[in-house]
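Structure file data30.txt with compact mmCIF, N, CA and C atoms:
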# COMPACT_ATOMS: atom_id res chain seq x y z
N MET P 672 -6.77 -0.47 -8.72
CA MET P 672 -7.13 -1.57 -7.87
C MET P 672 -5.84 -2.12 -7.25
N PHE P 673 -5.93 -2.46 -5.97
CA PHE P 673 -4.83 -3.18 -5.34
C PHE P 673 -5.43 -4.38 -4.62
N ALA P 674 -4.62 -5.41 -4.48
CA ALA P 674 -5.11 -6.65 -3.90
C ALA P 674 -4.10 -7.20 -2.91
N ASN P 675 -4.62 -7.78 -1.83
CA ASN P 675 -3.78 -8.45 -0.85
C ASN P 675 -4.67 -9.30 0.05
N CYS P 676 -4.08 -9.90 1.08
CA CYS P 676 -4.86 -10.80 1.94
C CYS P 676 -5.13 -10.21 3.32
N PHE P 677 -5.13 -8.88 3.45
CA PHE P 677 -5.48 -8.27 4.73
C PHE P 677 -6.96 -8.42 5.04
N GLY P 678 -7.79 -8.51 4.02
CA GLY P 678 -9.23 -8.65 4.24
C GLY P 678 -9.79 -7.45 4.98
N ASP P 679 -10.60 -7.72 5.99
CA ASP P 679 -11.24 -6.65 6.76
C ASP P 679 -10.42 -6.20 7.97
N ALA P 680 -9.22 -6.74 8.12
CA ALA P 680 -8.37 -6.38 9.27
C ALA P 680 -8.13 -4.87 9.28
N ARG P 681 -8.01 -4.33 10.48
CA ARG P 681 -7.75 -2.90 10.65
C ARG P 681 -6.52 -2.72 11.52
N PRO P 682 -5.33 -2.99 10.95
CA PRO P 682 -4.11 -2.83 11.74
C PRO P 682 -3.90 -1.38 12.16
N ALA P 683 -3.10 -1.20 13.18
CA ALA P 683 -2.73 0.14 13.63
C ALA P 683 -1.52 0.57 12.81
N TRP P 684 -1.75 1.39 11.80
CA TRP P 684 -0.70 1.80 10.86
C TRP P 684 0.17 2.90 11.44
N ILE P 685 1.42 2.91 11.00
CA ILE P 685 2.36 3.96 11.35
C ILE P 685 3.11 4.34 10.07
N SER P 686 3.32 5.62 9.86
CA SER P 686 4.03 6.04 8.66
C SER P 686 5.51 5.72 8.79
N ALA P 687 6.16 5.60 7.65
CA ALA P 687 7.61 5.35 7.65
C ALA P 687 8.34 6.50 8.33
N ALA P 688 7.87 7.73 8.14
CA ALA P 688 8.51 8.89 8.77
C ALA P 688 8.40 8.79 10.29
N ASP P 689 7.24 8.39 10.78
CA ASP P 689 7.06 8.25 12.22
C ASP P 689 7.90 7.10 12.76
N GLY P 690 7.95 6.00 12.02
CA GLY P 690 8.79 4.88 12.42
C GLY P 690 10.26 5.27 12.46
N ALA P 691 10.68 6.05 11.48
CA ALA P 691 12.08 6.52 11.45
C ALA P 691 12.37 7.43 12.64
N ASP P 692 11.41 8.28 12.99
CA ASP P 692 11.60 9.15 14.16
C ASP P 692 11.78 8.33 15.43
N LEU P 693 11.01 7.24 15.54
CA LEU P 693 11.17 6.37 16.71
C LEU P 693 12.55 5.74 16.75
N CYS P 694 13.04 5.33 15.58
CA CYS P 694 14.39 4.74 15.51
C CYS P 694 15.46 5.75 15.89
N VAL P 695 15.31 6.96 15.40
CA VAL P 695 16.28 8.01 15.73
C VAL P 695 16.26 8.29 17.22
N THR P 696 15.07 8.36 17.80
CA THR P 696 14.96 8.57 19.24
C THR P 696 15.66 7.45 20.00
N ALA P 697 15.44 6.21 19.56
CA ALA P 697 16.07 5.07 20.24
C ALA P 697 17.59 5.14 20.13
N LEU P 698 18.10 5.63 19.01
CA LEU P 698 19.56 5.73 18.84
C LEU P 698 20.15 6.91 19.61
N LEU P 699 19.46 8.03 19.58
CA LEU P 699 20.00 9.24 20.22
C LEU P 699 19.66 9.34 21.70
N GLU P 700 18.58 8.71 22.11
CA GLU P 700 18.14 8.75 23.50
C GLU P 700 17.81 7.32 23.97
N PRO P 701 18.81 6.44 24.03
CA PRO P 701 18.54 5.04 24.37
C PRO P 701 17.87 4.86 25.73
N GLN P 702 18.04 5.81 26.63
CA GLN P 702 17.40 5.70 27.93
C GLN P 702 15.88 5.71 27.81
N ALA P 703 15.36 6.26 26.73
CA ALA P 703 13.91 6.31 26.53
C ALA P 703 13.32 4.90 26.39
N TYR P 704 14.15 3.95 25.97
CA TYR P 704 13.67 2.58 25.76
C TYR P 704 14.45 1.58 26.61
N ALA P 705 15.05 2.03 27.68
CA ALA P 705 15.91 1.19 28.50
C ALA P 705 15.15 0.05 29.20
N LYS P 706 13.86 0.22 29.41
CA LYS P 706 13.09 -0.79 30.14
C LYS P 706 12.74 -2.01 29.30
N SER P 707 12.83 -1.90 27.98
CA SER P 707 12.44 -3.01 27.12
C SER P 707 13.35 -3.06 25.89
N PRO P 708 13.94 -4.22 25.63
CA PRO P 708 14.82 -4.32 24.45
C PRO P 708 14.03 -4.37 23.14
N ILE P 709 12.74 -4.65 23.21
CA ILE P 709 11.91 -4.72 22.01
C ILE P 709 10.75 -3.74 22.18
N VAL P 710 10.58 -2.88 21.20
CA VAL P 710 9.49 -1.91 21.23
C VAL P 710 8.68 -2.06 19.96
N TYR P 711 7.39 -2.29 20.10
CA TYR P 711 6.51 -2.28 18.94
C TYR P 711 5.86 -0.91 18.91
N ALA P 712 6.13 -0.19 17.87
CA ALA P 712 5.62 1.18 17.77
C ALA P 712 4.10 1.18 17.71
N PRO P 713 3.45 1.96 18.58
CA PRO P 713 2.00 2.04 18.52
C PRO P 713 1.58 2.80 17.27
N GLY P 714 0.68 2.23 16.51
CA GLY P 714 0.23 2.89 15.30
C GLY P 714 -0.60 4.12 15.60
N HIS P 715 -0.79 4.91 14.58
CA HIS P 715 -1.53 6.14 14.74
C HIS P 715 -3.03 5.94 14.49
N GLU P 716 -3.35 5.11 13.50
CA GLU P 716 -4.76 4.96 13.16
C GLU P 716 -5.01 3.56 12.60
N ARG P 717 -6.20 3.05 12.88
CA ARG P 717 -6.59 1.75 12.35
C ARG P 717 -7.35 1.98 11.05
N LEU P 718 -6.88 1.35 10.00
CA LEU P 718 -7.55 1.47 8.70
C LEU P 718 -7.60 0.10 8.03
N SER P 719 -8.76 -0.22 7.49
CA SER P 719 -8.88 -1.43 6.67
C SER P 719 -8.38 -1.10 5.27
N GLN P 720 -8.18 -2.12 4.48
CA GLN P 720 -7.75 -1.90 3.10
C GLN P 720 -8.82 -1.14 2.32
N GLN P 721 -10.09 -1.41 2.60
CA GLN P 721 -11.16 -0.67 1.94
C GLN P 721 -11.13 0.80 2.33
N GLU P 722 -10.88 1.08 3.60
CA GLU P 722 -10.78 2.48 4.04
C GLU P 722 -9.59 3.17 3.37
N ILE P 723 -8.50 2.44 3.19
CA ILE P 723 -7.33 3.00 2.50
C ILE P 723 -7.70 3.32 1.05
N ALA P 724 -8.38 2.40 0.38
CA ALA P 724 -8.82 2.64 -1.00
C ALA P 724 -9.74 3.86 -1.06
N ASP P 725 -10.66 3.97 -0.11
CA ASP P 725 -11.59 5.10 -0.08
C ASP P 725 -10.85 6.43 0.09
N ILE P 726 -9.87 6.46 0.98
CA ILE P 726 -9.10 7.69 1.20
C ILE P 726 -8.33 8.08 -0.06
N ILE P 727 -7.70 7.10 -0.68
CA ILE P 727 -6.97 7.40 -1.92
C ILE P 727 -7.93 7.94 -2.97
N SER P 728 -9.10 7.33 -3.09
CA SER P 728 -10.10 7.80 -4.06
C SER P 728 -10.51 9.23 -3.77
N GLU P 729 -10.83 9.52 -2.51
CA GLU P 729 -11.28 10.86 -2.14
C GLU P 729 -10.20 11.91 -2.38
N GLU P 730 -8.97 11.58 -2.07
CA GLU P 730 -7.88 12.57 -2.15
C GLU P 730 -7.32 12.74 -3.56
N THR P 731 -7.54 11.76 -4.44
CA THR P 731 -6.96 11.85 -5.78
C THR P 731 -7.99 12.06 -6.87
N GLY P 732 -9.28 11.85 -6.54
CA GLY P 732 -10.31 11.96 -7.57
C GLY P 732 -10.34 10.75 -8.50
N ARG P 733 -9.66 9.69 -8.13
CA ARG P 733 -9.64 8.45 -8.93
C ARG P 733 -10.45 7.38 -8.21
N ASP P 734 -11.00 6.47 -8.98
CA ASP P 734 -11.72 5.33 -8.40
C ASP P 734 -10.69 4.26 -8.06
N VAL P 735 -10.41 4.10 -6.78
CA VAL P 735 -9.45 3.10 -6.32
C VAL P 735 -10.23 2.06 -5.53
N ARG P 736 -10.00 0.79 -5.86
CA ARG P 736 -10.72 -0.30 -5.22
C ARG P 736 -9.74 -1.27 -4.58
N TYR P 737 -10.20 -1.95 -3.55
CA TYR P 737 -9.45 -3.01 -2.90
C TYR P 737 -10.09 -4.34 -3.23
N GLN P 738 -9.25 -5.35 -3.49
CA GLN P 738 -9.74 -6.71 -3.74
C GLN P 738 -9.01 -7.68 -2.82
N TYR P 739 -9.77 -8.49 -2.12
CA TYR P 739 -9.17 -9.52 -1.28
C TYR P 739 -8.69 -10.66 -2.16
N ILE P 740 -7.48 -11.14 -1.92
CA ILE P 740 -6.98 -12.38 -2.51
C ILE P 740 -6.37 -13.19 -1.38
N ASN P 741 -6.30 -14.50 -1.54
CA ASN P 741 -5.77 -15.32 -0.45
C ASN P 741 -4.25 -15.18 -0.35
N GLN P 742 -3.70 -15.68 0.73
CA GLN P 742 -2.27 -15.52 1.02
C GLN P 742 -1.41 -16.14 -0.09
N GLU P 743 -1.79 -17.29 -0.58
CA GLU P 743 -1.01 -17.96 -1.62
C GLU P 743 -0.97 -17.13 -2.90
N GLU P 744 -2.12 -16.56 -3.29
CA GLU P 744 -2.16 -15.73 -4.49
C GLU P 744 -1.33 -14.47 -4.31
N TRP P 745 -1.43 -13.82 -3.16
CA TRP P 745 -0.64 -12.61 -2.94
C TRP P 745 0.85 -12.94 -2.97
N THR P 746 1.23 -14.04 -2.36
CA THR P 746 2.64 -14.46 -2.39
C THR P 746 3.09 -14.67 -3.82
N ARG P 747 2.26 -15.33 -4.63
CA ARG P 747 2.59 -15.55 -6.04
C ARG P 747 2.77 -14.21 -6.76
N GLN P 748 1.85 -13.26 -6.52
CA GLN P 748 1.94 -11.96 -7.18
C GLN P 748 3.19 -11.19 -6.71
N LEU P 749 3.51 -11.28 -5.43
CA LEU P 749 4.71 -10.61 -4.93
C LEU P 749 5.98 -11.20 -5.56
N LYS P 750 6.01 -12.51 -5.71
CA LYS P 750 7.17 -13.15 -6.36
C LYS P 750 7.30 -12.71 -7.80
N ALA P 751 6.17 -12.60 -8.50
CA ALA P 751 6.19 -12.12 -9.88
C ALA P 751 6.66 -10.67 -9.94
N ALA P 752 6.21 -9.86 -8.98
CA ALA P 752 6.62 -8.45 -8.94
C ALA P 752 8.10 -8.31 -8.64
N ALA P 753 8.64 -9.24 -7.86
CA ALA P 753 10.07 -9.17 -7.50
C ALA P 753 10.95 -9.23 -8.73
N VAL P 754 10.52 -9.97 -9.72
CA VAL P 754 11.30 -10.10 -10.95
C VAL P 754 11.42 -8.77 -11.67
N HIS P 755 10.39 -7.94 -11.58
CA HIS P 755 10.34 -6.69 -12.33
C HIS P 755 10.55 -5.44 -11.48
N SER P 756 10.84 -5.60 -10.20
CA SER P 756 10.88 -4.44 -9.31
C SER P 756 12.25 -3.83 -9.13
N GLY P 757 13.27 -4.44 -9.67
CA GLY P 757 14.61 -3.91 -9.48
C GLY P 757 15.06 -3.98 -8.03
N GLY P 758 14.58 -4.95 -7.30
CA GLY P 758 14.99 -5.12 -5.91
C GLY P 758 14.08 -4.49 -4.88
N LEU P 759 13.03 -3.78 -5.33
CA LEU P 759 12.10 -3.16 -4.37
C LEU P 759 11.32 -4.20 -3.60
N VAL P 760 11.01 -5.31 -4.24
CA VAL P 760 10.35 -6.43 -3.57
C VAL P 760 11.39 -7.53 -3.43
N ASN P 761 11.70 -7.89 -2.18
CA ASN P 761 12.72 -8.91 -1.96
C ASN P 761 12.12 -10.10 -1.20
N ASP P 762 12.92 -11.15 -1.04
CA ASP P 762 12.43 -12.36 -0.39
C ASP P 762 11.90 -12.11 1.02
N ALA P 763 12.57 -11.24 1.77
CA ALA P 763 12.12 -10.96 3.14
C ALA P 763 10.73 -10.31 3.12
N MET P 764 10.52 -9.39 2.19
CA MET P 764 9.20 -8.75 2.08
C MET P 764 8.13 -9.76 1.66
N ILE P 765 8.50 -10.64 0.72
CA ILE P 765 7.55 -11.65 0.24
C ILE P 765 7.14 -12.57 1.37
N GLN P 766 8.04 -12.86 2.27
CA GLN P 766 7.71 -13.70 3.41
C GLN P 766 6.93 -12.91 4.47
N HIS P 767 7.36 -11.68 4.73
CA HIS P 767 6.79 -10.89 5.82
C HIS P 767 5.37 -10.38 5.53
N LEU P 768 5.15 -9.77 4.39
CA LEU P 768 3.88 -9.09 4.14
C LEU P 768 2.66 -10.00 4.23
N PRO P 769 2.60 -11.12 3.51
CA PRO P 769 1.42 -11.98 3.65
C PRO P 769 1.26 -12.57 5.06
N THR P 770 2.38 -12.87 5.71
CA THR P 770 2.31 -13.40 7.08
C THR P 770 1.75 -12.35 8.02
N HIS P 771 2.23 -11.12 7.88
CA HIS P 771 1.73 -10.01 8.70
C HIS P 771 0.24 -9.81 8.45
N ALA P 772 -0.16 -9.83 7.19
CA ALA P 772 -1.57 -9.64 6.86
C ALA P 772 -2.42 -10.73 7.50
N ARG P 773 -1.96 -11.98 7.43
CA ARG P 773 -2.72 -13.08 8.01
C ARG P 773 -2.86 -12.92 9.52
N THR P 774 -1.77 -12.55 10.21
CA THR P 774 -1.86 -12.40 11.66
C THR P 774 -2.76 -11.22 12.04
N MET P 775 -2.76 -10.18 11.23
CA MET P 775 -3.67 -9.05 11.49
C MET P 775 -5.12 -9.48 11.26
N ALA P 776 -5.36 -10.20 10.18
CA ALA P 776 -6.72 -10.64 9.88
C ALA P 776 -7.22 -11.64 10.92
N ASP P 777 -6.31 -12.49 11.42
CA ASP P 777 -6.69 -13.47 12.44
C ASP P 777 -6.74 -12.88 13.83
N ASN P 778 -6.23 -11.64 13.98
CA ASN P 778 -6.19 -10.98 15.28
C ASN P 778 -5.47 -11.84 16.32
N THR P 779 -4.35 -12.46 15.89
CA THR P 779 -3.66 -13.44 16.73
C THR P 779 -2.42 -12.91 17.43
N THR P 780 -2.07 -11.67 17.22
CA THR P 780 -0.86 -11.16 17.85
C THR P 780 -1.18 -9.96 18.73
N ILE P 781 -0.29 -9.68 19.63
CA ILE P 781 -0.44 -8.48 20.47
C ILE P 781 -0.50 -7.25 19.59
N ALA P 782 0.33 -7.21 18.54
CA ALA P 782 0.34 -6.06 17.64
C ALA P 782 -1.02 -5.85 16.99
N ALA P 783 -1.71 -6.92 16.67
CA ALA P 783 -3.03 -6.80 16.03
C ALA P 783 -4.06 -6.23 17.00
N ARG P 784 -3.85 -6.44 18.29
CA ARG P 784 -4.84 -5.99 19.28
C ARG P 784 -4.44 -4.70 19.99
N MET P 785 -3.26 -4.16 19.67
CA MET P 785 -2.79 -2.95 20.34
C MET P 785 -3.70 -1.76 20.03
N ASP P 786 -3.89 -0.94 21.02
CA ASP P 786 -4.62 0.30 20.79
C ASP P 786 -3.72 1.27 20.04
N THR P 787 -4.36 2.16 19.30
CA THR P 787 -3.58 3.22 18.67
C THR P 787 -3.21 4.23 19.75
N ASP P 788 -2.09 4.89 19.55
CA ASP P 788 -1.63 5.85 20.55
C ASP P 788 -0.90 7.00 19.88
N PRO P 789 -1.65 7.94 19.27
CA PRO P 789 -1.01 9.07 18.61
C PRO P 789 -0.14 9.90 19.55
N SER P 790 -0.51 9.96 20.83
CA SER P 790 0.28 10.77 21.77
C SER P 790 1.66 10.17 22.00
N ALA P 791 1.78 8.84 21.97
CA ALA P 791 3.10 8.21 22.13
C ALA P 791 4.00 8.54 20.95
N LEU P 792 3.43 8.54 19.76
CA LEU P 792 4.23 8.91 18.58
C LEU P 792 4.62 10.37 18.64
N ALA P 793 3.69 11.22 19.03
CA ALA P 793 3.98 12.65 19.12
C ALA P 793 5.05 12.92 20.17
N ALA P 794 4.99 12.22 21.28
CA ALA P 794 5.99 12.41 22.33
C ALA P 794 7.37 11.99 21.85
N ALA P 795 7.43 10.92 21.07
CA ALA P 795 8.72 10.42 20.59
C ALA P 795 9.31 11.30 19.50
N SER P 796 8.46 11.88 18.65
CA SER P 796 8.98 12.65 17.51
C SER P 796 8.92 14.16 17.70
N GLY P 797 8.11 14.60 18.66
CA GLY P 797 7.98 16.04 18.86
C GLY P 797 7.00 16.69 17.90
N ARG P 798 6.24 15.89 17.20
CA ARG P 798 5.25 16.43 16.26
C ARG P 798 4.09 15.45 16.15
N PRO P 799 2.93 15.90 15.68
CA PRO P 799 1.81 14.97 15.51
C PRO P 799 2.15 13.90 14.47
N PRO P 800 1.65 12.70 14.64
CA PRO P 800 1.91 11.65 13.65
C PRO P 800 1.28 11.99 12.30
N LEU P 801 1.85 11.41 11.25
CA LEU P 801 1.34 11.63 9.90
C LEU P 801 0.18 10.68 9.65
N THR P 802 -0.99 11.23 9.36
CA THR P 802 -2.14 10.38 9.04
C THR P 802 -1.99 9.86 7.62
N PHE P 803 -2.69 8.78 7.31
CA PHE P 803 -2.64 8.25 5.95
C PHE P 803 -3.22 9.27 4.97
N ARG P 804 -4.31 9.92 5.35
CA ARG P 804 -4.91 10.93 4.47
C ARG P 804 -3.90 12.04 4.16
N ASN P 805 -3.18 12.52 5.17
CA ASN P 805 -2.19 13.57 4.91
C ASN P 805 -1.02 13.06 4.08
N PHE P 806 -0.66 11.78 4.27
CA PHE P 806 0.38 11.20 3.42
C PHE P 806 -0.06 11.22 1.96
N VAL P 807 -1.29 10.80 1.70
CA VAL P 807 -1.79 10.80 0.32
C VAL P 807 -1.82 12.23 -0.22
N ARG P 808 -2.26 13.18 0.59
CA ARG P 808 -2.29 14.58 0.15
C ARG P 808 -0.88 15.07 -0.22
N GLN P 809 0.11 14.69 0.58
CA GLN P 809 1.48 15.12 0.31
C GLN P 809 2.05 14.47 -0.95
N HIS P 810 1.49 13.34 -1.35
CA HIS P 810 2.05 12.58 -2.47
C HIS P 810 1.00 12.30 -3.55
N ARG P 811 0.08 13.24 -3.73
CA ARG P 811 -1.00 13.05 -4.70
C ARG P 811 -0.50 12.64 -6.08
N SER P 812 0.56 13.29 -6.54
CA SER P 812 1.04 12.99 -7.89
C SER P 812 1.52 11.54 -8.00
N ALA P 813 2.11 11.00 -6.94
CA ALA P 813 2.56 9.61 -6.97
C ALA P 813 1.38 8.64 -7.04
N PHE P 814 0.22 9.08 -6.58
CA PHE P 814 -0.99 8.25 -6.63
C PHE P 814 -1.76 8.48 -7.92
N GLY P 815 -1.23 9.32 -8.80
CA GLY P 815 -1.90 9.57 -10.07
C GLY P 815 -3.15 10.40 -9.93
N ALA P 816 -3.09 11.43 -9.10
CA ALA P 816 -4.27 12.27 -8.86
C ALA P 816 -4.78 12.88 -10.15
N VAL P 817 -6.09 12.99 -10.23
CA VAL P 817 -6.72 13.65 -11.37
C VAL P 817 -6.55 15.15 -11.17
N THR P 818 -6.08 15.84 -12.19
CA THR P 818 -5.90 17.29 -12.08
C THR P 818 -6.97 17.99 -12.92
N ALA P 819 -7.14 19.28 -12.67
CA ALA P 819 -8.15 20.07 -13.39
C ALA P 819 -7.83 20.09 -14.89
N ASN P 820 -6.56 19.93 -15.26
CA ASN P 820 -6.17 19.98 -16.68
C ASN P 820 -6.33 18.63 -17.37
N ALA P 821 -6.66 17.60 -16.62
CA ALA P 821 -6.73 16.25 -17.22
C ALA P 821 -7.98 16.07 -18.04
Can you dump the structure from the file as structure tokens?
Amino acid sequence: MFANCFGDARPAWISAADGADLCVTALLEPQAYAKSPIVYAPGHERLSQQEIADIISEETGRDVRYQYINQEEWTRQLKAAAVHSGGLVNDAMIQHLPTHARTMADNTTIAARMDTDPSALAAASGRPPLTFRNFVRQHRSAFGAVTANA
């Protein structure tokens, strides 16, 4: 089970690998982004937290569930996790993640309303974007996939 305050929001997700490819393109080919000093990467696919839980369940053979919690509770849990994470959860993340979730759930930002654009990601990286399902498939063991020997 995982919990956060995204609720039913369906942000346009982008994988870290695709985001990194966009950064490399911006560094190596700055003319590609010369018209705008700020670029919000178009996500590849819109997924709710429940859809994410369903994909993880399907790909790992485990029952994974999503639970909505309010922003204050998620912030409290993130702060508690920061103590035990060895620096993986930091103050900037604790501030950013619940705020991002709230703006996505409220549909109050341009980013929340942006269309997905897999072709833009493919053009920037030279390859199709990584779907969440394929990410889970590539990292099944990290998700604790059930194996035939289990």
Rows by chain and residue number, range 712-812 of chain P within 8 Å of range 686-690 of chain P, shortest pair, only N, CA and C atoms, as a tab-separated table:
residue	atom	partner	partner_atom	distance
P:Ala712	CA	P:Gly690	CA	7.2
P:Gly714	CA	P:Ser686	N	6.8
P:His715	N	P:Ser686	N	6.3
P:Glu716	N	P:Ser686	N	7.6
P:Leu792	CA	P:Asp689	CA	7.0
P:Ser796	CA	P:Asp689	CA	7.1
P:Pro799	C	P:Asp689	CA	7.8
P:Pro800	CA	P:Asp689	CA	6.3
P:Leu801	C	P:Ser686	N	6.0
P:Thr802	N	P:Ser686	N	7.1
P:Phe803	N	P:Ser686	N	7.3
What separation in Å, quoted to one decimal, exists between CA of Ala763 in chain P and atom C of Glu743 in chain P?
15.7 Å
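In terms of minimum interatomic distance to Ser719 in chain P, P:Phe677 ranks closest within P:Ser812, P:Ala794, P:Lys706, P:Phe677, counting all atoms listed in the file.
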Any idea what the distance is between atom N of Gln702 in chain P and CA of Ile685 in chain P?
22.0 Å
Report, in Å with one decimal, the straight-line distance from CA of Ala724 in chain P to CA of Asp777 in chain P.
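Distance reported for this atom pair: 21.1 Å.
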Can you tell me, as a ChimeraX atom specification, what residues are no more than 6 Å from range 730-741 of chain P when counting all atoms listed in the file, ignoring any on the same chain fewer than 4 positions away?
/P:672-676,678,720-721,724-726,745-746,815-817
Could you give me the residues within chain P that DSSP places in strand (DSSP E or B), as a ChimeraX atom specification?
/P:673-675,683-684,716-717,737-739
Residue list (alpha helix (DSSP H), DSSP) for range 691-810 of chain P, as a VMD selection string:
chain P and resid 691 to 699 720 to 731 742 to 755 762 to 777 781 to 784 789 to 796 803 to 809
Have a look at P:Ala683, P:Leu699, P:Leu693, P:Ala772 and name the one nearest to Asp788 in chain P; count only N, CA and C atoms.
P:Ala683
